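Engineer: This is the structure I have questions about; it appears just below.
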Amino acid sequence: MSYDDRANARPSLNDESDVEEEALVNDYREQVNFDDGMSDLDRTTSLGGSQPQDLQAQLAAAATPLEYQATLETKFASYDNYCSLFHYILNSEGPVDLDVPSYYWAWDVIDEFIYQFESFCRYRNRVARSGSNEEEAQLLRENPNTWGCYSVLNVLYSLIQRSQINEQLAAMKRGEDPVAFAGEYGSRPLYKMLGYFSIIGLLRVHCLLGDFSLALKTLDDIEMNKKAMFARVMAAHFTTYYYVGFSYMMMRRYGDAIRMFSHILVYVSRTKNFQKGGNGYDAIAKKNDQMYALIAICVALHPTRLDDTIHSAVREKYGEQFYRMQRGGPEALPVFEELFRSSCPKFISPTPPDFDNPAVNVDPVDHHTAIFMDEVKNTLFNPTIRSYLKLYTTMDLKKLAGFLEVEPDQLRSWLLVNKQRSRQIRWVEGGLLEGESAIANDLDYALEDDLIHVSETKAGRRLVDWYLRNLTRVY
Amino acid sequence: MVAFDKCETRPAHIDAILNGLDRYNPETTTVFQDYVAQQCEDRTFDCYANLALLKLYQFNPHLLQPDTVTNILAKALTVFPSPAFSLCLALLPAHTQPFPTTSEAQAASQTSDFVESVQKLSQLSTLLESAQYTQFWSTLNSDDLYADLTADVAGFEELVRIRIAVEVGKAFRSITADALEQWLDVRGREALVKFVADVCGWKVEGDVVRVPTNKENEARSEVKSERVGVDMFGRVIRRGFEQAA
C-alpha cells in the first residue's frame with residue numbers, strides 16, 4: 001500500500017480536505033529532516049476546507065489512545081492526523097478557535113502524542129531487532145521520517161513559542177501579570193495550556209532519549225509546587241514528578257529524587273479515593289508502583305529517613321527486595337536490575353534502526369540499565385562498610401579487612417567510594433539543576449594511616465514541639 | 001556550586017547556542033566540535049555543552065565523529081567521581097554496549113573500532129569510579145590503544161592524578177608513601193615528594209604523607225540541634241495577648 005492510499009483511506013475526512021491536507025502533510029515531511037522550529041510558522045496556509053464535524057473527530061482522535069493491536073497503517077495515519085492538526089493550530093492565520101472536547105484535552109493530546117511517538121520508536125526497533133516481519137520492516141524502511149524526533153520536538157517547541165508560555169511563567173515568577181507577556185496566542189486558554197503541557201512533554205521526551213540534564217533544564221520556568229498549573233490535572237502532576245525524579249536519579253542526585261517521588265506519592269496516597277474507578281486510574285496505579293520501586297532503589301543507594309506512610313508502603317510492596325538492596329553485596333545486583341527495568345521509562349532510540357543487521361539494534365532499555373548497573377556495582381559494598389563502621393569510633397583497617405575477608409587495598413577503595421558517594425548535590429533554590437554539595441550521610445570517617453576514625457552526626461533532642469504541645473495543654 | 005548547565009569557562013557564543021533552538025541545528029555540530037578540541041587543549045571541561053553535541057550525534061548519526069566522542073569521554077574521565085561519564089554514555093548509540101556482558105557484545109567490539117574504544121574507556125571509568133587507582137594505571141599502561149584514546153586530551157594523566165590526590169585528601173589525614181605512589185603512579189620517592197608538595201601542599205615525613213586537616217577529613221562528631229525561631233512561638237504569644245484582653 002502506498003502512502004497516498006493510506007492517507008485517502010481515512011474515513012473521517014472528506015475528499016476535498018484530504019487533498020489539501022495531503023499537501024500540508026507532505027510539506028511537513030520535507031521539513032522533518034531538520035527545521036529550526038519556527039520557520040514553518042511564517043506560512044499562512046490553513047485547513048480552511050475542513051468541516052467542523054471533521055475537525056471535532058480529529059480533535060477527539062488526537063486525544064484517544066490507539067488500540068493495542070493497531071496496525072502500522074493506523075500508526076502512520078495517526079501521525080498524519082497529528083501533523084495536520086498541529087499545523088492547523090500553529091500555522092493558520094492568527095489563533096484558531098477550537099471547541100475542544102474536554103477541559104483536559106490539551107494535556108490528553110500532548111500525552112497521547114508523545115506516547116504514540118514512544119511506542120512507535122520502540123516498535124520500529126523491535127521489528128528491526130527480531131528481523132522476523134519482512135513486510136513491516138520494508139514499510140518502516142520506506143518511511144524513515146514518520147514519527148521522526150525532529151518533527152516531534154518541532155511540534156512541542158513551536159507550541160511553547162507560539163503561546164509564549166515561558167515568558168508568561170517567568171513573569172508569574174517575578175510576580176507580574178502574565179497576560180502582558182502572553183501575546184495574541186498565549187492569552188487564549190487553549191494555546192496557553194498546549195504550550196504549558198508541551199513543556200512537560202519535552203521533559204518526558206528528553207528523558208526517554210536519555211538526556212536527563214536537558215530534561216531538568218526544560219522546567220526552568222516552572223515552579224514545582226502544588227500551585228503549579230500541572231497540579232490541576234492529576235495525570236500531568238504525576239507524570240511531571242515521575243520524570244523529574246527519574247532524571248535526578250540518573251544524575252546521581254538521589255536525595256532530590258527521593259524528595260520528588262515522596263512528594264507525589266504522599267499526595268496520591270491522600271487523594272486515592274477520588275481517583276479509584278476514574279479515567280486512567282490503572283495507568284496511575286502502575287506508575288505509582290514504579291515510583292515506589294524507584295524510591296526503594298534510591299534509598300538503598302542513599303539511606304534516608306522516609307515519610308512514614310511512604311516507608312510502610314515501600315515495605316508492603318517491595319519488602320523482600322528492599323531489604324536485599326539495603327544489605328548490598330552481590331546478591332543485591334539482580335534485585336536492583338529487576339526493579340530498575342520494571343520501573344524505568346521506556347527509553348527510545350530517535351533514529352531508524354538498522355534493518356539489515358538485527359543484532360546491532362540493542363534495546364535502549366538494556367543500554368540504560370547497563371549504565372545504571374555499573375554505578376550500582378561500583379557502590380555495592382557501601383552498606384557493608386556503613387554497617388561495620390557504625391559499631392566503632394576507631395577501627396584498624398587491617399582488622400576490618402580481616403572481618404570482611406578482603407585485601408586491605410580493596411577495603412581502602414571501598415572506603416573511598418563510600419566517602420565519595422556520601423557527598424551529593426542537593427537542590428536548595430532556583431532551577432532544578434542548581435544545588436549545593438551536602439553531606440548525605442550521618443556517618444563520616446577519616447583515615448590516619450590504617451586507623452579509621454569514625455564520627456557520627458546525631459540529631460539533638462527536638463524540644464520546641466514538645467514545649468509547644470504542653471504549653472497549649474496547660475493554658 | 002555552579003549549576004550543571006553553567007560553566008565558567010564557556011564562551012558566550014556557545015552559551016547562546018545552548019539556550020536557543022540552534023542546539024538542534026546540525027550546522028552547529030562543527031562549532032561544538034571545535035569547542036571540544038579547545039577544552040582538550042586548555043584543560044577545561046563543559047559537560048552540558050558536550051552533551052548537546054552528543055545529542056546532535058544522536059539525532060544525526062551520519063555526523064558522528066568517533067574521535068570527538070572518545071575525546072569527550074576521555075575528558076569526562078578527568079572529573080571523576082561524577083555522573084558526567086555515564087550521562088555521556090546515555091546519549092551514545094545503544095549498540096556501543098559500553099559494559100558488555102555477553103561474549104557476543106565483546107565480539108562486536110572487534111568489528112568496530114569505535115565500539116571497542118567506548119568499551120575501553122568505560123572500563124577505565126569503572127576503575128576510577130570504584131577507586132581502584134592502582135588497577136587504573138596498570139590498565140592504562142597495558143595497551144597502546146589507551147594512549148591513542150587519551151592523546152588529544154592535554155595533561156590527561158596529570159589531571160587524573162590531581163583528581164586522585166584530591167579524593168585522597170578528603171579521606172586521609174595521613175597515608176603511607178608507598179600506597180600513594182601506587183595510586184598516583186609516580187615512580188620514586190623524590191617524584192612523590194615533589195608532586196604532593198607542588199600540587200597539594202602536603203609534606204612527606206619519612207614513609208608517611210601528612211595531609212593537613214580540611215573540612216572533609218576531620219570527620220568531627222556533631223550534634224545537629226533544631227532551629228529555634230521566634231516565629232515558632234507566634235501562636236502562643238498571640239494567645240497570651242488575646243486572653244489578656
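By order of appearance in the C-alpha cells: chains A, B, ..., then residues from 1 within every chain, and ligands from 1 in the order shown.
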Need the shell around range 132-148 of chain A: protein/DNA/RNA residues with any atom at most 7 Å away, counting only C-alpha atoms. Skip same-chain ones fewer than 5 positions apart. Format as a list in words?
Structural biologist: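 Surrounding residues, per the criterion: Val32, Phe76, Tyr79, Phe117, Val127, Pro352 and Phe355 of chain A.
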Engineer: Extract, using only C-alpha atoms, all DNA, RNA and protein residues at most 9 Å from Phe340 in chain A, discarding same-chain residues fewer than 5 positions from it, and format them as a ChimeraX atom specification.
Structural biologist: /A:290,293-294,297,335,369,372-373
Engineer: Let's have the selection written as an mmCIF file, in the first residue's frame, with N, CA and C atoms.
Structural biologist:
```
data_model
loop_
_atom_site.group_PDB
_atom_site.id
_atom_site.type_symbol
_atom_site.label_atom_id
_atom_site.label_comp_id
_atom_site.auth_asym_id
_atom_site.auth_seq_id
_atom_site.Cartn_x
_atom_site.Cartn_y
_atom_site.Cartn_z
ATOM 1 N N GLN A 290 5.670 1.885 40.226
ATOM 2 C CA GLN A 290 7.020 2.096 39.694
ATOM 3 C C GLN A 290 7.776 3.095 40.554
ATOM 4 N N ALA A 293 9.072 1.553 43.630
ATOM 5 C CA ALA A 293 10.269 0.757 43.338
ATOM 6 C C ALA A 293 11.488 1.668 43.195
ATOM 7 N N LEU A 294 11.320 2.796 42.496
ATOM 8 C CA LEU A 294 12.443 3.715 42.301
ATOM 9 C C LEU A 294 12.881 4.312 43.635
ATOM 10 N N ILE A 297 15.026 1.870 45.381
ATOM 11 C CA ILE A 297 16.375 1.861 44.825
ATOM 12 C C ILE A 297 17.168 3.051 45.364
ATOM 13 N N VAL A 335 18.364 -7.856 42.057
ATOM 14 C CA VAL A 335 17.188 -7.128 42.534
ATOM 15 C C VAL A 335 17.188 -5.705 41.988
ATOM 16 N N THR A 369 19.998 0.448 31.340
ATOM 17 C CA THR A 369 20.126 -0.423 32.502
ATOM 18 C C THR A 369 21.599 -0.750 32.753
ATOM 19 N N PHE A 372 23.340 2.213 34.335
ATOM 20 C CA PHE A 372 22.954 2.377 35.738
ATOM 21 C C PHE A 372 23.578 1.280 36.601
ATOM 22 N N MET A 373 23.570 0.063 36.102
ATOM 23 C CA MET A 373 24.088 -1.058 36.889
ATOM 24 C C MET A 373 25.589 -0.934 37.147
#
```
Engineer: Please compute the CA of Gln33 in chain B-CA of Leu89 in chain B distance, one decimal, in Å.
Structural biologist: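 Interatomic distance, CA of Gln33 in chain B to CA of Leu89 in chain B: 17.2 Å.
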Engineer: With only C-alpha atoms considered, list every residue of chain B at most 6 Å from chain A, as a PyMOL selection string.
Structural biologist: chain B and resi 1+3-4+83+90-91+94-95+130-132+171-175+217+219-225
Engineer: Could those residues be written to a file, using C-alpha atoms, as a PDB file, in the first residue's frame?
Structural biologist:
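File written: selection_15.pdb
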```pdb
ATOM      1  CA  MET B   1      28.187  25.110  43.452  1.00  0.00           C
ATOM      2  CA  ALA B   3      24.693  24.724  38.357  1.00  0.00           C
ATOM      3  CA  PHE B   4      25.065  21.784  35.988  1.00  0.00           C
ATOM      4  CA  PRO B  83      27.911  11.323  36.795  1.00  0.00           C
ATOM      5  CA  ALA B  90      23.481   7.594  27.914  1.00  0.00           C
ATOM      6  CA  LEU B  91      23.428   9.594  24.682  1.00  0.00           C
ATOM      7  CA  ALA B  94      22.911   1.561  22.258  1.00  0.00           C
ATOM      8  CA  HIS B  95      24.973  -0.740  20.062  1.00  0.00           C
ATOM      9  CA  SER B 130      35.274   2.348  42.143  1.00  0.00           C
ATOM     10  CA  ALA B 131      38.521   3.923  43.425  1.00  0.00           C
ATOM     11  CA  GLN B 132      40.787   1.180  42.109  1.00  0.00           C
ATOM     12  CA  ALA B 171      39.503  10.797  53.217  1.00  0.00           C
ATOM     13  CA  PHE B 172      43.006  10.615  54.675  1.00  0.00           C
ATOM     14  CA  ARG B 173      44.863  12.537  57.345  1.00  0.00           C
ATOM     15  CA  SER B 174      47.968  10.539  56.615  1.00  0.00           C
ATOM     16  CA  ILE B 175      48.792   7.750  54.232  1.00  0.00           C
ATOM     17  CA  ASN B 217      38.952  14.750  56.503  1.00  0.00           C
ATOM     18  CA  ALA B 219      35.271  13.793  60.468  1.00  0.00           C
ATOM     19  CA  ARG B 220      34.054  15.565  63.535  1.00  0.00           C
ATOM     20  CA  SER B 221      31.155  14.214  65.518  1.00  0.00           C
ATOM     21  CA  GLU B 222      28.493  16.772  65.955  1.00  0.00           C
ATOM     22  CA  VAL B 223      25.027  17.062  67.320  1.00  0.00           C
ATOM     23  CA  LYS B 224      22.599  18.755  64.996  1.00  0.00           C
ATOM     24  CA  SER B 225      20.329  20.817  67.124  1.00  0.00           C
TER      25      SER B 225
END
```
Engineer: Using only C-alpha atoms, which of B:Ser142, B:Leu56, B:Glu216, B:Thr176 sits nearest Pro93 in chain B?
Structural biologist: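 So, comparing all the options, the nearest one is B:Leu56.
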Engineer: Can you pull out every residue from range 131-260 of chain A that DSSP, working from the backbone, puts in helix (DSSP H, G or I), and format the result as a compact mmCIF listing (two decimals) with N, CA and C atoms, in the first residue's frame?
Structural biologist:
```
# COMPACT_ATOMS: atom_id res chain seq x y z
N GLU A 134 9.31 -9.19 7.59
CA GLU A 134 9.96 -8.51 6.46
C GLU A 134 9.06 -7.42 5.87
N GLU A 135 7.75 -7.69 5.85
CA GLU A 135 6.80 -6.77 5.25
C GLU A 135 6.78 -5.44 6.00
N GLU A 136 6.67 -5.54 7.33
CA GLU A 136 6.64 -4.33 8.14
C GLU A 136 7.99 -3.61 8.10
N ALA A 137 9.05 -4.38 8.10
CA ALA A 137 10.38 -3.77 8.03
C ALA A 137 10.50 -2.93 6.77
N GLN A 138 9.97 -3.47 5.68
CA GLN A 138 10.04 -2.76 4.41
C GLN A 138 9.27 -1.44 4.47
N LEU A 139 8.09 -1.52 5.05
CA LEU A 139 7.24 -0.34 5.18
C LEU A 139 7.93 0.73 6.04
N LEU A 140 8.56 0.29 7.11
CA LEU A 140 9.24 1.22 8.01
C LEU A 140 10.48 1.81 7.33
N ARG A 141 11.13 0.97 6.55
CA ARG A 141 12.32 1.42 5.83
C ARG A 141 11.97 2.53 4.84
N GLU A 142 10.79 2.37 4.23
CA GLU A 142 10.38 3.36 3.23
C GLU A 142 9.91 4.68 3.82
N CYS A 149 12.18 12.28 15.29
CA CYS A 149 12.38 13.04 16.53
C CYS A 149 12.36 14.54 16.27
N TYR A 150 12.86 14.96 15.09
CA TYR A 150 12.87 16.39 14.82
C TYR A 150 11.45 16.93 14.68
N SER A 151 10.56 16.17 14.06
CA SER A 151 9.21 16.72 13.91
C SER A 151 8.47 16.73 15.24
N VAL A 152 8.71 15.72 16.09
CA VAL A 152 8.06 15.71 17.40
C VAL A 152 8.54 16.89 18.24
N LEU A 153 9.86 17.10 18.26
CA LEU A 153 10.40 18.23 19.03
C LEU A 153 9.92 19.55 18.45
N ASN A 154 9.84 19.57 17.12
CA ASN A 154 9.39 20.78 16.44
C ASN A 154 7.98 21.18 16.90
N VAL A 155 7.09 20.20 16.98
CA VAL A 155 5.73 20.48 17.43
C VAL A 155 5.75 21.06 18.85
N LEU A 156 6.49 20.40 19.74
CA LEU A 156 6.49 20.83 21.14
C LEU A 156 7.09 22.22 21.29
N TYR A 157 8.25 22.44 20.65
CA TYR A 157 8.88 23.76 20.76
C TYR A 157 8.01 24.85 20.12
N SER A 158 7.35 24.52 19.00
CA SER A 158 6.51 25.52 18.36
C SER A 158 5.34 25.91 19.24
N LEU A 159 4.73 24.91 19.89
CA LEU A 159 3.60 25.21 20.78
C LEU A 159 4.07 26.09 21.95
N ILE A 160 5.29 25.79 22.43
CA ILE A 160 5.83 26.58 23.55
C ILE A 160 6.07 28.02 23.10
N GLN A 161 6.65 28.18 21.91
CA GLN A 161 6.97 29.53 21.47
C GLN A 161 5.73 30.31 21.08
N ARG A 162 4.79 29.66 20.39
CA ARG A 162 3.57 30.31 19.99
C ARG A 162 2.83 30.90 21.19
N SER A 163 2.77 30.11 22.25
CA SER A 163 1.99 30.53 23.41
C SER A 163 2.79 31.45 24.32
N ILE A 165 4.67 30.75 26.54
CA ILE A 165 4.39 30.27 27.88
C ILE A 165 5.58 30.50 28.82
N ASN A 166 6.80 30.33 28.28
CA ASN A 166 7.95 30.55 29.16
C ASN A 166 8.03 31.99 29.63
N GLU A 167 7.69 32.93 28.72
CA GLU A 167 7.68 34.34 29.12
C GLU A 167 6.60 34.57 30.17
N GLN A 168 5.45 33.93 29.96
CA GLN A 168 4.35 34.10 30.92
C GLN A 168 4.73 33.55 32.29
N LEU A 169 5.35 32.36 32.29
CA LEU A 169 5.72 31.74 33.56
C LEU A 169 6.78 32.56 34.28
N ALA A 170 7.73 33.08 33.48
CA ALA A 170 8.79 33.89 34.09
C ALA A 170 8.18 35.14 34.73
N ALA A 171 7.16 35.71 34.06
CA ALA A 171 6.50 36.89 34.61
C ALA A 171 5.79 36.55 35.92
N MET A 172 5.13 35.39 35.93
CA MET A 172 4.44 34.97 37.15
C MET A 172 5.42 34.78 38.29
N LYS A 173 6.60 34.28 37.97
CA LYS A 173 7.62 34.06 38.98
C LYS A 173 8.07 35.39 39.58
N ARG A 174 8.10 36.40 38.72
CA ARG A 174 8.52 37.72 39.21
C ARG A 174 7.39 38.45 39.90
N VAL A 179 -0.44 38.07 31.54
CA VAL A 179 -1.19 38.45 30.34
C VAL A 179 -0.41 39.46 29.49
N ALA A 180 0.35 40.30 30.16
CA ALA A 180 1.12 41.32 29.45
C ALA A 180 2.16 40.68 28.53
N PHE A 181 2.52 39.43 28.81
CA PHE A 181 3.57 38.77 28.02
C PHE A 181 2.99 37.68 27.11
N ALA A 182 1.66 37.51 27.16
CA ALA A 182 1.07 36.34 26.51
C ALA A 182 0.96 36.48 25.00
N GLY A 183 0.76 37.68 24.52
CA GLY A 183 0.62 37.85 23.08
C GLY A 183 -0.72 37.36 22.59
N GLU A 184 -0.89 37.44 21.28
CA GLU A 184 -2.17 37.13 20.66
C GLU A 184 -2.59 35.68 20.91
N TYR A 185 -1.60 34.77 20.85
CA TYR A 185 -1.91 33.36 21.01
C TYR A 185 -1.99 32.97 22.49
N GLY A 186 -0.95 33.36 23.21
CA GLY A 186 -0.81 32.88 24.59
C GLY A 186 -1.90 33.35 25.52
N PRO A 189 -6.78 30.46 26.42
CA PRO A 189 -6.54 29.31 27.30
C PRO A 189 -6.02 28.08 26.55
N LEU A 190 -6.58 27.82 25.36
CA LEU A 190 -6.17 26.61 24.66
C LEU A 190 -4.68 26.64 24.32
N TYR A 191 -4.23 27.74 23.76
CA TYR A 191 -2.81 27.85 23.39
C TYR A 191 -1.93 27.83 24.63
N LYS A 192 -2.40 28.52 25.65
CA LYS A 192 -1.62 28.57 26.89
C LYS A 192 -1.44 27.16 27.45
N MET A 193 -2.53 26.41 27.49
CA MET A 193 -2.43 25.06 28.04
C MET A 193 -1.61 24.14 27.16
N LEU A 194 -1.79 24.26 25.84
CA LEU A 194 -0.97 23.43 24.95
C LEU A 194 0.51 23.75 25.15
N GLY A 195 0.82 25.03 25.27
CA GLY A 195 2.21 25.41 25.48
C GLY A 195 2.74 24.88 26.79
N TYR A 196 1.93 25.03 27.82
CA TYR A 196 2.36 24.59 29.14
C TYR A 196 2.63 23.09 29.16
N PHE A 197 1.67 22.32 28.64
CA PHE A 197 1.85 20.87 28.69
C PHE A 197 2.93 20.40 27.72
N SER A 198 3.25 21.24 26.73
CA SER A 198 4.36 20.88 25.85
C SER A 198 5.69 20.92 26.61
N ILE A 199 5.78 21.80 27.61
CA ILE A 199 6.99 21.82 28.43
C ILE A 199 7.13 20.50 29.17
N ILE A 200 6.01 20.05 29.75
CA ILE A 200 6.02 18.76 30.45
C ILE A 200 6.34 17.65 29.43
N GLY A 201 5.78 17.80 28.23
CA GLY A 201 6.05 16.83 27.17
C GLY A 201 7.52 16.77 26.81
N LEU A 202 8.17 17.92 26.76
CA LEU A 202 9.60 17.97 26.45
C LEU A 202 10.41 17.27 27.54
N LEU A 203 10.03 17.53 28.78
CA LEU A 203 10.69 16.87 29.91
C LEU A 203 10.70 15.36 29.66
N ARG A 204 9.53 14.87 29.27
CA ARG A 204 9.38 13.44 29.06
C ARG A 204 10.19 12.95 27.86
N VAL A 205 10.13 13.68 26.75
CA VAL A 205 10.84 13.25 25.55
C VAL A 205 12.35 13.24 25.80
N HIS A 206 12.87 14.27 26.44
CA HIS A 206 14.31 14.31 26.72
C HIS A 206 14.71 13.13 27.60
N CYS A 207 13.87 12.84 28.55
CA CYS A 207 14.16 11.73 29.46
C CYS A 207 14.16 10.40 28.69
N LEU A 208 13.18 10.22 27.81
CA LEU A 208 13.10 8.99 27.02
C LEU A 208 14.33 8.83 26.13
N PHE A 212 19.13 13.54 30.47
CA PHE A 212 18.50 13.85 31.75
C PHE A 212 18.73 15.28 32.21
N SER A 213 19.89 15.84 31.89
CA SER A 213 20.13 17.21 32.34
C SER A 213 19.27 18.19 31.54
N LEU A 214 19.12 17.94 30.26
CA LEU A 214 18.27 18.81 29.45
C LEU A 214 16.80 18.67 29.89
N ALA A 215 16.42 17.47 30.29
CA ALA A 215 15.06 17.25 30.78
C ALA A 215 14.79 18.17 31.96
N LEU A 216 15.71 18.23 32.90
CA LEU A 216 15.51 19.08 34.08
C LEU A 216 15.58 20.56 33.71
N LYS A 217 16.47 20.86 32.79
CA LYS A 217 16.63 22.25 32.36
C LYS A 217 15.32 22.80 31.76
N THR A 218 14.59 21.91 31.09
CA THR A 218 13.35 22.31 30.44
C THR A 218 12.34 22.94 31.40
N MET A 229 0.45 24.84 37.48
CA MET A 229 -0.68 24.51 36.61
C MET A 229 -0.81 23.01 36.40
N PHE A 230 0.32 22.31 36.38
CA PHE A 230 0.23 20.87 36.12
C PHE A 230 -0.51 20.15 37.24
N ALA A 231 -0.52 20.77 38.43
CA ALA A 231 -1.15 20.12 39.57
C ALA A 231 -2.67 20.01 39.41
N ARG A 232 -3.22 20.77 38.45
CA ARG A 232 -4.66 20.73 38.27
C ARG A 232 -5.10 19.51 37.48
N MET A 234 -4.42 15.64 37.27
CA MET A 234 -3.75 14.60 38.05
C MET A 234 -2.66 13.89 37.26
N ALA A 235 -2.99 13.47 36.04
CA ALA A 235 -2.02 12.71 35.26
C ALA A 235 -0.79 13.55 34.95
N ALA A 236 -0.98 14.85 34.73
CA ALA A 236 0.14 15.72 34.43
C ALA A 236 1.02 15.90 35.66
N HIS A 237 0.38 16.07 36.79
CA HIS A 237 1.07 16.21 38.06
C HIS A 237 1.99 15.01 38.29
N PHE A 238 1.39 13.88 38.09
CA PHE A 238 2.05 12.61 38.31
C PHE A 238 3.23 12.42 37.37
N THR A 239 2.96 12.65 36.08
CA THR A 239 3.99 12.48 35.06
C THR A 239 5.20 13.38 35.35
N THR A 240 4.91 14.64 35.69
CA THR A 240 5.99 15.58 35.94
C THR A 240 6.92 15.07 37.03
N TYR A 241 6.35 14.66 38.15
CA TYR A 241 7.20 14.23 39.26
C TYR A 241 7.94 12.94 38.94
N TYR A 242 7.31 12.06 38.20
CA TYR A 242 8.00 10.81 37.84
C TYR A 242 9.25 11.11 37.01
N TYR A 243 9.10 11.93 35.98
CA TYR A 243 10.24 12.18 35.10
C TYR A 243 11.29 13.07 35.76
N VAL A 244 10.86 14.03 36.56
CA VAL A 244 11.86 14.85 37.27
C VAL A 244 12.63 13.97 38.25
N GLY A 245 11.90 13.16 39.01
CA GLY A 245 12.55 12.27 39.98
C GLY A 245 13.52 11.33 39.28
N PHE A 246 13.07 10.77 38.17
CA PHE A 246 13.94 9.82 37.47
C PHE A 246 15.19 10.51 36.92
N SER A 247 15.02 11.72 36.39
CA SER A 247 16.18 12.43 35.85
C SER A 247 17.19 12.73 36.96
N TYR A 248 16.69 13.13 38.11
CA TYR A 248 17.58 13.35 39.25
C TYR A 248 18.34 12.06 39.59
N MET A 249 17.62 10.98 39.57
CA MET A 249 18.23 9.70 39.91
C MET A 249 19.39 9.38 38.96
N MET A 250 19.19 9.64 37.67
CA MET A 250 20.23 9.36 36.69
C MET A 250 21.40 10.34 36.82
N TYR A 254 20.31 11.39 44.40
CA TYR A 254 19.27 10.52 44.95
C TYR A 254 18.41 11.24 45.98
N GLY A 255 19.03 12.15 46.74
CA GLY A 255 18.26 12.89 47.74
C GLY A 255 17.14 13.68 47.08
N ASP A 256 17.46 14.33 45.98
CA ASP A 256 16.46 15.11 45.27
C ASP A 256 15.41 14.20 44.62
N ALA A 257 15.88 13.06 44.12
CA ALA A 257 14.94 12.11 43.51
C ALA A 257 13.94 11.63 44.56
N ILE A 258 14.44 11.30 45.74
CA ILE A 258 13.56 10.81 46.81
C ILE A 258 12.55 11.89 47.19
N ARG A 259 13.03 13.13 47.23
CA ARG A 259 12.14 14.25 47.57
C ARG A 259 10.99 14.35 46.56
N MET A 260 11.31 14.21 45.28
CA MET A 260 10.30 14.31 44.23
C MET A 260 9.30 13.15 44.32
```
Engineer: Rounded to one decimal, what separation in Å do you get between CA of Pro61 in chain B and CA of Ala128 in chain A?
Structural biologist: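 A separation of 17.1 Å between them.
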Engineer: Between CA of Ser262 in chain A and CA of Gly328 in chain A, what distance in Å does the model show, to one decimal?
Structural biologist: 22.7 Å
